[in-house]
>>> print(open('input.pdb').read())   # PDB, C-alpha atoms, pLDDT in the B column
ATOM      1  CA  MET A1386     103.548 -29.868-128.965  1.00 39.00           C
ATOM      2  CA  MET A1387     101.366 -32.929-128.440  1.00 40.00           C
ATOM      3  CA  THR A1388      97.654 -32.240-128.055  1.00 44.00           C
ATOM      4  CA  ARG A1389      95.072 -34.915-127.366  1.00 48.00           C
ATOM      5  CA  PHE A1390      91.572 -34.099-128.487  1.00 44.00           C
ATOM      6  CA  TYR A1391      89.565 -35.805-125.769  1.00 42.00           C
ATOM      7  CA  THR A1392      91.764 -34.517-122.958  1.00 42.00           C
ATOM      8  CA  ARG A1393      91.387 -30.954-124.197  1.00 43.00           C
ATOM      9  CA  LEU A1394      87.623 -31.309-124.492  1.00 41.00           C
ATOM     10  CA  PHE A1395      87.290 -32.785-121.012  1.00 39.00           C
ATOM     11  CA  MET A1396      89.415 -30.116-119.409  1.00 41.00           C
ATOM     12  CA  SER A1397      87.648 -27.316-121.236  1.00 41.00           C
ATOM     13  CA  LEU A1398      84.224 -28.609-120.232  1.00 40.00           C
ATOM     14  CA  PHE A1399      84.766 -29.402-116.580  1.00 40.00           C
ATOM     15  CA  LEU A1400      87.461 -27.050-115.327  1.00 44.00           C
ATOM     16  CA  PRO A1401      85.197 -23.959-115.249  1.00 42.00           C
ATOM     17  CA  ALA A1402      82.909 -25.744-112.801  1.00 42.00           C
ATOM     18  CA  LEU A1403      85.611 -26.859-110.383  1.00 42.00           C
ATOM     19  CA  MET A1404      86.364 -25.317-107.011  1.00 44.00           C
ATOM     20  CA  ILE A1405      90.143 -24.937-107.140  1.00 46.00           C
ATOM     21  CA  THR A1406      91.124 -25.809-103.562  1.00 50.00           C
ATOM     22  CA  ASP A1407      93.660 -28.097-101.936  1.00 49.00           C
ATOM     23  CA  ALA A1408      92.985 -30.799 -99.315  1.00 51.00           C
ATOM     24  CA  GLY A1409      92.828 -28.177 -96.570  1.00 54.00           C
ATOM     25  CA  GLY A1410      90.211 -26.115 -98.355  1.00 53.00           C
ATOM     26  CA  GLN A1411      92.670 -23.395 -99.301  1.00 55.00           C
ATOM     27  CA  VAL A1412      92.978 -22.009-102.792  1.00 51.00           C
ATOM     28  CA  ALA A1413      95.468 -24.142-104.684  1.00 55.00           C
ATOM     29  CA  ASP A1414      98.271 -22.676-106.738  1.00 61.00           C
ATOM     30  CA  LEU A1415      97.089 -22.016-110.267  1.00 60.00           C
ATOM     31  CA  PRO A1416      98.938 -21.265-113.454  1.00 68.00           C
ATOM     32  CA  ASP A1417      98.537 -17.731-114.755  1.00 81.00           C
ATOM     33  CA  THR A1418      97.083 -19.045-118.005  1.00 83.00           C
ATOM     34  CA  PHE A1419      95.187 -22.096-119.185  1.00 78.00           C
ATOM     35  CA  CYS A1420      94.819 -22.947-122.891  1.00 77.00           C
ATOM     36  CA  GLY A1421      96.103 -19.490-123.724  1.00 80.00           C
ATOM     37  CA  HIS A1422      93.674 -17.620-121.441  1.00 83.00           C
ATOM     38  CA  ARG A1423      94.328 -15.818-118.176  1.00 86.00           C
ATOM     39  CA  VAL A1424      92.915 -17.693-115.158  1.00 87.00           C
ATOM     40  CA  ILE A1425      90.535 -15.503-113.102  1.00 86.00           C
ATOM     41  CA  LEU A1426      88.640 -16.741-110.033  1.00 86.00           C
ATOM     42  CA  ASP A1427      85.287 -15.633-108.660  1.00 86.00           C
ATOM     43  CA  GLU A1428      84.536 -15.091-104.952  1.00 87.00           C
ATOM     44  CA  ARG A1429      84.005 -18.857-104.483  1.00 89.00           C
ATOM     45  CA  ASN A1430      87.327 -19.715-106.112  1.00 84.00           C
ATOM     46  CA  GLY A1431      85.703 -21.035-109.257  1.00 85.00           C
ATOM     47  CA  ILE A1432      87.261 -20.276-112.626  1.00 84.00           C
ATOM     48  CA  ILE A1433      85.346 -17.547-114.443  1.00 86.00           C
ATOM     49  CA  PRO A1434      84.614 -18.362-118.102  1.00 86.00           C
ATOM     50  CA  TRP A1435      86.701 -16.259-120.453  1.00 85.00           C
ATOM     51  CA  TYR A1436      84.080 -16.181-123.191  1.00 83.00           C
ATOM     52  CA  MET A1437      81.856 -13.100-123.304  1.00 85.00           C
ATOM     53  CA  PRO A1438      78.965 -12.790-122.772  1.00 88.00           C
ATOM     54  CA  ARG A1439      79.375 -15.340-120.002  1.00 85.00           C
ATOM     55  CA  ASP A1440      75.815 -16.607-120.192  1.00 86.00           C
ATOM     56  CA  LYS A1441      76.620 -17.829-123.715  1.00 88.00           C
ATOM     57  CA  ALA A1442      79.860 -19.583-122.731  1.00 88.00           C
ATOM     58  CA  TYR A1443      78.349 -23.080-122.679  1.00 89.00           C
ATOM     59  CA  ASP A1444      76.716 -22.614-126.078  1.00 92.00           C
ATOM     60  CA  HIS A1445      80.013 -21.326-127.442  1.00 92.00           C
ATOM     61  CA  PHE A1446      81.852 -24.346-126.100  1.00 90.00           C
ATOM     62  CA  LEU A1447      79.387 -26.761-127.695  1.00 92.00           C
ATOM     63  CA  HIS A1448      79.694 -24.936-131.004  1.00 94.00           C
ATOM     64  CA  LEU A1449      83.497 -25.141-130.855  1.00 93.00           C
ATOM     65  CA  ARG A1450      83.389 -28.906-130.346  1.00 93.00           C
ATOM     66  CA  TRP A1451      81.279 -29.610-133.396  1.00 96.00           C
ATOM     67  CA  ASP A1452      82.950 -26.923-135.478  1.00 95.00           C
ATOM     68  CA  PHE A1453      86.210 -28.756-134.838  1.00 94.00           C
ATOM     69  CA  ILE A1454      84.708 -32.003-136.109  1.00 95.00           C
ATOM     70  CA  ARG A1455      83.145 -30.358-139.155  1.00 94.00           C
ATOM     71  CA  ASN A1456      85.954 -28.081-140.247  1.00 94.00           C
ATOM     72  CA  ARG A1457      89.294 -28.839-138.604  1.00 92.00           C
ATOM     73  CA  VAL A1458      89.783 -32.594-138.754  1.00 94.00           C
ATOM     74  CA  PRO A1459      91.616 -33.466-141.984  1.00 95.00           C
ATOM     75  CA  LEU A1460      91.173 -36.573-144.070  1.00 96.00           C
ATOM     76  CA  SER A1461      93.079 -39.670-143.046  1.00 96.00           C
ATOM     77  CA  PRO A1462      96.463 -40.373-144.580  1.00 94.00           C
ATOM     78  CA  GLY A1463      96.515 -43.006-147.312  1.00 88.00           C
ATOM     79  CA  PRO A1464      96.951 -45.506-148.718  1.00 90.00           C
ATOM     80  CA  GLY A1465      93.864 -46.283-150.711  1.00 90.00           C
ATOM     81  CA  SER A1466      90.322 -45.598-149.599  1.00 92.00           C
ATOM     82  CA  ARG A1467      91.375 -44.583-146.073  1.00 96.00           C
ATOM     83  CA  ALA A1468      92.174 -41.142-147.472  1.00 96.00           C
ATOM     84  CA  ASP A1469      88.478 -40.674-148.303  1.00 97.00           C
ATOM     85  CA  TYR A1470      87.466 -40.485-144.630  1.00 98.00           C
ATOM     86  CA  PRO A1471      88.162 -38.044-141.770  1.00 96.00           C
ATOM     87  CA  GLN A1472      90.841 -39.031-139.274  1.00 96.00           C
ATOM     88  CA  TYR A1473      88.298 -39.718-136.535  1.00 96.00           C
ATOM     89  CA  TYR A1474      87.038 -42.793-138.420  1.00 98.00           C
ATOM     90  CA  PHE A1475      90.311 -44.652-137.893  1.00 98.00           C
ATOM     91  CA  TYR A1476      92.110 -42.824-135.075  1.00 97.00           C
ATOM     92  CA  CYS A1477      91.179 -41.801-131.546  1.00 93.00           C
ATOM     93  CA  ALA A1478      93.707 -39.022-130.975  1.00 90.00           C
ATOM     94  CA  PHE A1479      95.967 -36.654-132.815  1.00 90.00           C
ATOM     95  CA  ASP A1480      99.214 -34.766-132.411  1.00 89.00           C
ATOM     96  CA  GLU A1481      99.311 -31.106-133.410  1.00 87.00           C
ATOM     97  CA  ARG A1482     102.604 -30.323-135.131  1.00 88.00           C
ATOM     98  CA  ASP A1483     103.295 -27.035-136.866  1.00 87.00           C
ATOM     99  CA  GLY A1484      99.586 -26.326-137.143  1.00 84.00           C
ATOM    100  CA  ARG A1485      98.797 -29.713-138.683  1.00 88.00           C
ATOM    101  CA  LEU A1486      96.778 -32.486-137.072  1.00 91.00           C
ATOM    102  CA  GLU A1487      98.585 -35.796-137.427  1.00 92.00           C
ATOM    103  CA  PRO A1488      96.947 -39.031-136.275  1.00 93.00           C
ATOM    104  CA  ASP A1489      98.210 -40.735-133.139  1.00 91.00           C
ATOM    105  CA  THR A1490      99.166 -44.420-133.175  1.00 90.00           C
ATOM    106  CA  TRP A1491      97.167 -45.556-130.136  1.00 91.00           C
ATOM    107  CA  MET A1492      94.186 -47.885-130.628  1.00 95.00           C
ATOM    108  CA  ASN A1493      90.986 -46.835-132.340  1.00 96.00           C
ATOM    109  CA  ASP A1494      88.660 -47.184-129.362  1.00 95.00           C
ATOM    110  CA  VAL A1495      85.521 -48.005-131.336  1.00 96.00           C
ATOM    111  CA  GLY A1496      83.532 -49.405-128.417  1.00 96.00           C
ATOM    112  CA  GLU A1497      83.692 -46.117-126.536  1.00 95.00           C
ATOM    113  CA  LYS A1498      83.606 -43.832-129.549  1.00 96.00           C
ATOM    114  CA  ILE A1499      80.291 -44.954-131.030  1.00 96.00           C
ATOM    115  CA  PRO A1500      78.159 -44.735-127.836  1.00 97.00           C
ATOM    116  CA  ASN A1501      79.777 -41.463-126.741  1.00 97.00           C
ATOM    117  CA  TRP A1502      79.586 -39.726-130.120  1.00 97.00           C
ATOM    118  CA  PHE A1503      76.011 -40.793-130.772  1.00 98.00           C
ATOM    119  CA  GLU A1504      74.789 -39.619-127.371  1.00 97.00           C
ATOM    120  CA  ASN A1505      76.746 -36.371-127.660  1.00 97.00           C
ATOM    121  CA  ALA A1506      75.234 -35.685-131.082  1.00 97.00           C
ATOM    122  CA  ARG A1507      71.744 -36.617-129.907  1.00 97.00           C
ATOM    123  CA  LEU A1508      71.904 -34.231-126.968  1.00 97.00           C
ATOM    124  CA  TYR A1509      73.369 -31.464-129.131  1.00 97.00           C
ATOM    125  CA  TYR A1510      70.554 -31.945-131.642  1.00 97.00           C
ATOM    126  CA  ALA A1511      67.959 -31.852-128.844  1.00 96.00           C
ATOM    127  CA  TYR A1512      69.522 -28.671-127.447  1.00 95.00           C
ATOM    128  CA  THR A1513      70.092 -26.764-130.688  1.00 95.00           C
ATOM    129  CA  GLY A1514      67.811 -28.320-133.298  1.00 96.00           C
ATOM    130  CA  ASP A1515      70.857 -28.881-135.532  1.00 96.00           C
ATOM    131  CA  SER A1516      70.481 -32.390-136.953  1.00 96.00           C
ATOM    132  CA  THR A1517      73.621 -32.254-139.103  1.00 96.00           C
ATOM    133  CA  VAL A1518      75.695 -33.588-136.212  1.00 97.00           C
ATOM    134  CA  MET A1519      73.534 -36.707-136.216  1.00 98.00           C
ATOM    135  CA  GLU A1520      74.323 -37.217-139.894  1.00 98.00           C
ATOM    136  CA  ILE A1521      78.060 -37.004-139.169  1.00 98.00           C
ATOM    137  CA  VAL A1522      77.887 -39.667-136.484  1.00 98.00           C
ATOM    138  CA  MET A1523      75.468 -41.923-138.345  1.00 98.00           C
ATOM    139  CA  GLU A1524      77.710 -42.020-141.408  1.00 98.00           C
ATOM    140  CA  MET A1525      80.539 -43.178-139.157  1.00 98.00           C
ATOM    141  CA  MET A1526      78.246 -45.780-137.580  1.00 98.00           C
ATOM    142  CA  ASP A1527      77.363 -47.089-141.049  1.00 98.00           C
ATOM    143  CA  TYR A1528      81.045 -47.593-141.802  1.00 98.00           C
ATOM    144  CA  TYR A1529      81.668 -49.356-138.502  1.00 98.00           C
ATOM    145  CA  LEU A1530      78.701 -51.675-138.960  1.00 97.00           C
ATOM    146  CA  ASP A1531      79.985 -52.638-142.420  1.00 98.00           C
ATOM    147  CA  HIS A1532      83.650 -53.070-141.424  1.00 98.00           C
ATOM    148  CA  GLY A1533      83.689 -53.889-137.717  1.00 98.00           C
ATOM    149  CA  ILE A1534      81.634 -57.041-137.097  1.00 98.00           C
ATOM    150  CA  GLY A1535      83.097 -60.455-136.344  1.00 98.00           C
ATOM    151  CA  SER A1536      82.447 -63.536-138.435  1.00 98.00           C
ATOM    152  CA  PRO A1537      79.139 -65.413-138.044  1.00 98.00           C
ATOM    153  CA  ASP A1538      81.290 -68.551-137.645  1.00 98.00           C
ATOM    154  CA  PHE A1539      83.006 -67.260-134.490  1.00 98.00           C
ATOM    155  CA  ALA A1540      82.260 -68.685-131.044  1.00 98.00           C
ATOM    156  CA  TRP A1541      80.778 -65.245-130.311  1.00 98.00           C
ATOM    157  CA  PRO A1542      79.127 -64.813-133.729  1.00 98.00           C
ATOM    158  CA  SER A1543      78.488 -61.501-135.515  1.00 97.00           C
ATOM    159  CA  PHE A1544      79.629 -59.536-132.460  1.00 98.00           C
ATOM    160  CA  PRO A1545      81.155 -56.043-132.771  1.00 98.00           C
ATOM    161  CA  TYR A1546      84.843 -55.282-132.471  1.00 98.00           C
ATOM    162  CA  THR A1547      85.417 -52.775-129.677  1.00 98.00           C
ATOM    163  CA  THR A1548      88.988 -51.787-130.546  1.00 97.00           C
ATOM    164  CA  THR A1549      91.278 -51.985-133.528  1.00 97.00           C
ATOM    165  CA  ASN A1550      94.709 -50.743-134.506  1.00 97.00           C
ATOM    166  CA  ALA A1551      95.116 -47.094-135.431  1.00 97.00           C
ATOM    167  CA  GLY A1552      94.544 -46.715-139.149  1.00 97.00           C
ATOM    168  CA  ASP A1553      92.776 -50.057-139.672  1.00 97.00           C
ATOM    169  CA  THR A1554      90.033 -49.804-142.291  1.00 97.00           C
ATOM    170  CA  VAL A1555      88.764 -53.299-141.478  1.00 97.00           C
ATOM    171  CA  PHE A1556      88.586 -53.942-137.746  1.00 98.00           C
ATOM    172  CA  ARG A1557      90.176 -57.029-136.170  1.00 97.00           C
ATOM    173  CA  GLY A1558      91.223 -55.877-132.692  1.00 96.00           C
ATOM    174  CA  PHE A1559      94.007 -53.898-131.043  1.00 96.00           C
ATOM    175  CA  THR A1560      97.071 -56.057-131.615  1.00 96.00           C
ATOM    176  CA  SER A1561      99.802 -53.559-132.509  1.00 94.00           C
ATOM    177  CA  ALA A1562     100.892 -52.825-128.917  1.00 89.00           C
ATOM    178  CA  GLY A1563     100.757 -56.439-127.760  1.00 90.00           C
ATOM    179  CA  ARG A1564      97.965 -55.660-125.287  1.00 87.00           C
ATOM    180  CA  LEU A1565      95.164 -57.712-126.884  1.00 94.00           C
ATOM    181  CA  ALA A1566      94.992 -60.750-129.151  1.00 97.00           C
ATOM    182  CA  LEU A1567      93.507 -60.944-132.624  1.00 98.00           C
ATOM    183  CA  HIS A1568      89.681 -60.795-132.387  1.00 98.00           C
ATOM    184  CA  GLU A1569      89.784 -59.995-128.644  1.00 98.00           C
ATOM    185  CA  ILE A1570      87.066 -57.585-127.511  1.00 98.00           C
ATOM    186  CA  GLN A1571      85.674 -55.966-124.360  1.00 97.00           C
ATOM    187  CA  VAL A1572      82.217 -57.387-123.816  1.00 97.00           C
ATOM    188  CA  ASP A1573      80.861 -54.412-121.877  1.00 96.00           C
ATOM    189  CA  HIS A1574      81.739 -52.011-124.693  1.00 97.00           C
ATOM    190  CA  ALA A1575      80.168 -54.346-127.244  1.00 97.00           C
ATOM    191  CA  ALA A1576      76.974 -54.291-125.183  1.00 96.00           C
ATOM    192  CA  GLU A1577      77.001 -50.493-125.220  1.00 97.00           C
ATOM    193  CA  MET A1578      77.440 -50.559-128.983  1.00 98.00           C
ATOM    194  CA  GLY A1579      74.399 -52.812-129.260  1.00 97.00           C
ATOM    195  CA  LEU A1580      72.374 -50.415-127.133  1.00 97.00           C
ATOM    196  CA  THR A1581      73.515 -47.522-129.314  1.00 98.00           C
ATOM    197  CA  TRP A1582      72.433 -49.354-132.466  1.00 98.00           C
ATOM    198  CA  TYR A1583      69.010 -49.794-130.884  1.00 98.00           C
ATOM    199  CA  ARG A1584      68.870 -46.076-130.125  1.00 98.00           C
ATOM    200  CA  ARG A1585      69.845 -45.420-133.744  1.00 98.00           C
ATOM    201  CA  HIS A1586      66.881 -47.579-134.784  1.00 98.00           C
ATOM    202  CA  LEU A1587      64.589 -45.536-132.550  1.00 98.00           C
ATOM    203  CA  TYR A1588      65.869 -42.347-134.193  1.00 97.00           C
ATOM    204  CA  THR A1589      65.683 -43.449-137.841  1.00 97.00           C
ATOM    205  CA  GLY A1590      63.509 -46.558-137.918  1.00 97.00           C
ATOM    206  CA  GLU A1591      66.210 -48.470-139.823  1.00 97.00           C
ATOM    207  CA  GLN A1592      65.664 -52.212-139.553  1.00 98.00           C
ATOM    208  CA  LYS A1593      69.342 -53.087-140.011  1.00 97.00           C
ATOM    209  CA  TYR A1594      70.222 -51.312-136.781  1.00 98.00           C
ATOM    210  CA  LEU A1595      67.495 -53.118-134.876  1.00 98.00           C
ATOM    211  CA  ASP A1596      68.798 -56.390-136.325  1.00 98.00           C
ATOM    212  CA  ALA A1597      72.361 -55.505-135.293  1.00 98.00           C
ATOM    213  CA  ALA A1598      71.219 -54.663-131.763  1.00 98.00           C
ATOM    214  CA  LEU A1599      69.275 -57.920-131.490  1.00 98.00           C
ATOM    215  CA  ARG A1600      72.310 -59.947-132.607  1.00 98.00           C
ATOM    216  CA  VAL A1601      74.309 -58.449-129.751  1.00 98.00           C
ATOM    217  CA  ALA A1602      71.479 -59.116-127.301  1.00 97.00           C
ATOM    218  CA  ASP A1603      71.085 -62.723-128.480  1.00 98.00           C
ATOM    219  CA  VAL A1604      74.790 -63.468-128.042  1.00 98.00           C
ATOM    220  CA  LEU A1605      74.792 -61.927-124.575  1.00 97.00           C
ATOM    221  CA  ALA A1606      71.648 -63.804-123.538  1.00 97.00           C
ATOM    222  CA  ALA A1607      73.080 -67.119-124.733  1.00 97.00           C
ATOM    223  CA  ARG A1608      76.302 -66.636-122.775  1.00 96.00           C
ATOM    224  CA  ALA A1609      75.028 -65.182-119.508  1.00 95.00           C
ATOM    225  CA  LYS A1610      75.957 -67.197-116.442  1.00 94.00           C
ATOM    226  CA  LYS A1611      75.691 -66.820-112.708  1.00 94.00           C
ATOM    227  CA  GLY A1612      78.342 -64.429-111.483  1.00 92.00           C
ATOM    228  CA  ASN A1613      80.466 -64.452-108.353  1.00 91.00           C
ATOM    229  CA  GLY A1614      83.408 -62.586-106.874  1.00 90.00           C
ATOM    230  CA  GLU A1615      85.800 -64.082-109.406  1.00 91.00           C
ATOM    231  CA  ALA A1616      83.767 -64.080-112.617  1.00 92.00           C
ATOM    232  CA  SER A1617      80.945 -61.766-113.670  1.00 94.00           C
ATOM    233  CA  VAL A1618      77.811 -62.671-115.620  1.00 95.00           C
ATOM    234  CA  TRP A1619      79.826 -62.116-118.790  1.00 96.00           C
ATOM    235  CA  PRO A1620      83.598 -61.942-119.107  1.00 97.00           C
ATOM    236  CA  TYR A1621      85.176 -58.534-119.378  1.00 96.00           C
ATOM    237  CA  ARG A1622      87.293 -59.626-122.358  1.00 98.00           C
ATOM    238  CA  VAL A1623      86.903 -62.551-124.726  1.00 98.00           C
ATOM    239  CA  VAL A1624      88.494 -63.740-127.973  1.00 98.00           C
ATOM    240  CA  MET A1625      85.468 -63.842-130.256  1.00 98.00           C
ATOM    241  CA  SER A1626      86.864 -66.432-132.648  1.00 98.00           C
ATOM    242  CA  THR A1627      87.520 -69.120-130.020  1.00 98.00           C
ATOM    243  CA  GLY A1628      85.432 -68.080-127.024  1.00 97.00           C
ATOM    244  CA  GLU A1629      88.510 -67.938-124.785  1.00 98.00           C
ATOM    245  CA  GLU A1630      87.856 -65.672-121.795  1.00 97.00           C
ATOM    246  CA  THR A1631      90.928 -63.521-121.209  1.00 97.00           C
ATOM    247  CA  ALA A1632      89.514 -61.468-118.321  1.00 96.00           C
ATOM    248  CA  ALA A1633      86.736 -63.093-116.320  1.00 94.00           C
ATOM    249  CA  TYR A1634      85.403 -60.181-114.295  1.00 91.00           C
ATOM    250  CA  GLY A1635      83.853 -56.882-115.298  1.00 89.00           C
ATOM    251  CA  ALA A1636      81.526 -54.504-113.479  1.00 86.00           C
ATOM    252  CA  ASN A1637      80.299 -52.072-116.153  1.00 77.00           C
ATOM    253  CA  TRP A1638      77.184 -53.608-117.676  1.00 80.00           C
ATOM    254  CA  THR A1639      74.958 -50.590-118.281  1.00 74.00           C
ATOM    255  CA  GLY A1640      74.740 -51.404-121.985  1.00 69.00           C
ATOM    256  CA  ALA A1641      73.663 -54.977-121.301  1.00 70.00           C
TER     257      ALA A1641
END
>>> encode(input="input.pdb", output="structure tokens")
Amino acid sequence: MMTRFYTRLFMSLFLPALMITDAGGQVADLPDTFCGHRVILDERNGIIPWYMPRDKAYDHFLHLRWDFIRNRVPLSPGPGSRADYPQYYFYCAFDERDGRLEPDTWMNDVGEKIPNWFENARLYYAYTGDSTVMEIVMEMMDYYLDHGIGSPDFAWPSFPYTTTNAGDTVFRGFTSAGRLALHEIQVDHAAEMGLTWYRRHLYTGEQKYLDAALRVADVLAARAKKGNGEASVWPYRVVMSTGEETAAYGANWTGA
């Protein structure tokens, strides 16, 4: 049966806090079980955590997430050096078949993975004092910085790739499904990657991550323009090699 990692994590985190009601405010029909556990509601129709003691349920959930990353994710399938790295380096989802985790073929969503994983690890470290999760994420960031930056000769020079094909060990964009062109990236996600590299610099003091963040900032500053209802300050998508704007408008610029 297909299982997607991020969907399971999202549902497990947020469902216990939901009020399970329909549009009329009545209790909606619920399955008897969810993820193998019996669904029990409290007096306000919220789902009661199944973990005991209940005041430790959140801590238990956080532990399960990182225990999965540490101990359950297998190495990537070959060939070559890809088999030296966990699946999450080169894949964004998995299928669970006969107790084995097999990588999915959808894009490796690098531009969302790096900011989300780094912030998740940082907050977990702040909450628990366990810095090993930071090491896991920073090793992955090192790989991405070495294998996921565009050419300095591109129209958008030395800018990060935000997606790539599943299984790619050198990143060049998500081309396998015909959705994006070679070297096409999402500018907003690249900006968030730059911000994350800066936060990595603040955490470790590493100059190379400050330099990487500044390269992103310099490219963005050089290409900012007055926005309007048709085109934003930066394009949403651009082909880095040529500068061709493939989607003119975007609205998520928190990283920039």
>>> residues_near_point(input="input.pdb", point="(94.8, -47.8, -135.4)", cutoff="10 Å", atoms="all atoms listed in the file", output="ChimeraX atom specification")
/A:1474-1478,1488-1494,1548-1554,1556,1558-1561
>>> closest_residue(input="input.pdb", among="A:Glu1629, A:Arg1507, A:Tyr1512, A:His1574", to="Leu1587 in chain A", atoms="all atoms listed in the file")
A:Arg1507
>>> resolve_selection(input="input.pdb", expression="the PyMOL selection byres ((chain A and resi 1622) around 8)", output="PyMOL selection string")
chain A and resi 1569-1572+1620-1621+1623-1624+1630-1633
>>> atom_distance(input="input.pdb", atom1="CA of Ser1543 in chain A", atom2="CA of Ala1606 in chain A")
14.0 Å
>>> atom_distance(input="input.pdb", atom1="CA of Pro1459 in chain A", atom2="CA of Leu1486 in chain A")
7.2 Å
>>> atom_distance(input="input.pdb", atom1="CA of Glu1615 in chain A", atom2="CA of Asn1637 in chain A")
14.8 Å
>>> closest_residue(input="input.pdb", among="A:Val1601, A:Val1518, A:Glu1591, A:Trp1502", to="Pro1537 in chain A", atoms="only C-alpha atoms")
A:Val1601
>>> axis_aligned_box(input="input.pdb", around="range 1580-1595 of chain A", padding_each_side="6 Å", output="lines of an AutoDock Vina configuration file")
center_x = 68.5
center_y = -47.7
center_z = -133.6
size_x = 22.0
size_y = 22.8
size_z = 24.9
>>> decode(input="input.pdb", residues="range 1506-1518 of chain A", atoms="N, CA and C atoms", output="short mmCIF file (atom, residue, chain, number, x, y, z; two decimals), in the first residue's frame")
data_model
loop_
_atom_site.label_atom_id
_atom_site.label_comp_id
_atom_site.auth_asym_id
_atom_site.auth_seq_id
_atom_site.Cartn_x
_atom_site.Cartn_y
_atom_site.Cartn_z
N ALA A 1506 14.77 20.84 12.33
CA ALA A 1506 15.87 20.37 13.16
C ALA A 1506 16.27 21.42 14.19
N ARG A 1507 16.28 22.68 13.78
CA ARG A 1507 16.66 23.74 14.71
C ARG A 1507 15.69 23.83 15.89
N LEU A 1508 14.41 23.74 15.60
CA LEU A 1508 13.41 23.81 16.66
C LEU A 1508 13.47 22.57 17.55
N TYR A 1509 13.70 21.41 16.94
CA TYR A 1509 13.83 20.18 17.73
C TYR A 1509 15.05 20.28 18.65
N TYR A 1510 16.14 20.78 18.15
CA TYR A 1510 17.35 20.96 18.96
C TYR A 1510 17.08 21.94 20.11
N ALA A 1511 16.39 23.05 19.81
CA ALA A 1511 16.07 24.02 20.86
C ALA A 1511 15.16 23.43 21.92
N TYR A 1512 14.28 22.54 21.51
CA TYR A 1512 13.30 21.94 22.43
C TYR A 1512 13.90 20.82 23.27
N THR A 1513 14.78 20.03 22.66
CA THR A 1513 15.28 18.82 23.33
C THR A 1513 16.74 18.90 23.75
N GLY A 1514 17.50 19.79 23.14
CA GLY A 1514 18.94 19.82 23.38
C GLY A 1514 19.71 18.79 22.58
N ASP A 1515 19.04 18.06 21.70
CA ASP A 1515 19.67 17.02 20.88
C ASP A 1515 20.17 17.66 19.59
N SER A 1516 21.47 17.85 19.48
CA SER A 1516 22.04 18.52 18.31
C SER A 1516 22.32 17.56 17.15
N THR A 1517 22.14 16.26 17.36
CA THR A 1517 22.45 15.31 16.29
C THR A 1517 21.55 15.51 15.08
N VAL A 1518 20.34 16.00 15.29
CA VAL A 1518 19.45 16.23 14.15
C VAL A 1518 20.00 17.35 13.27
#
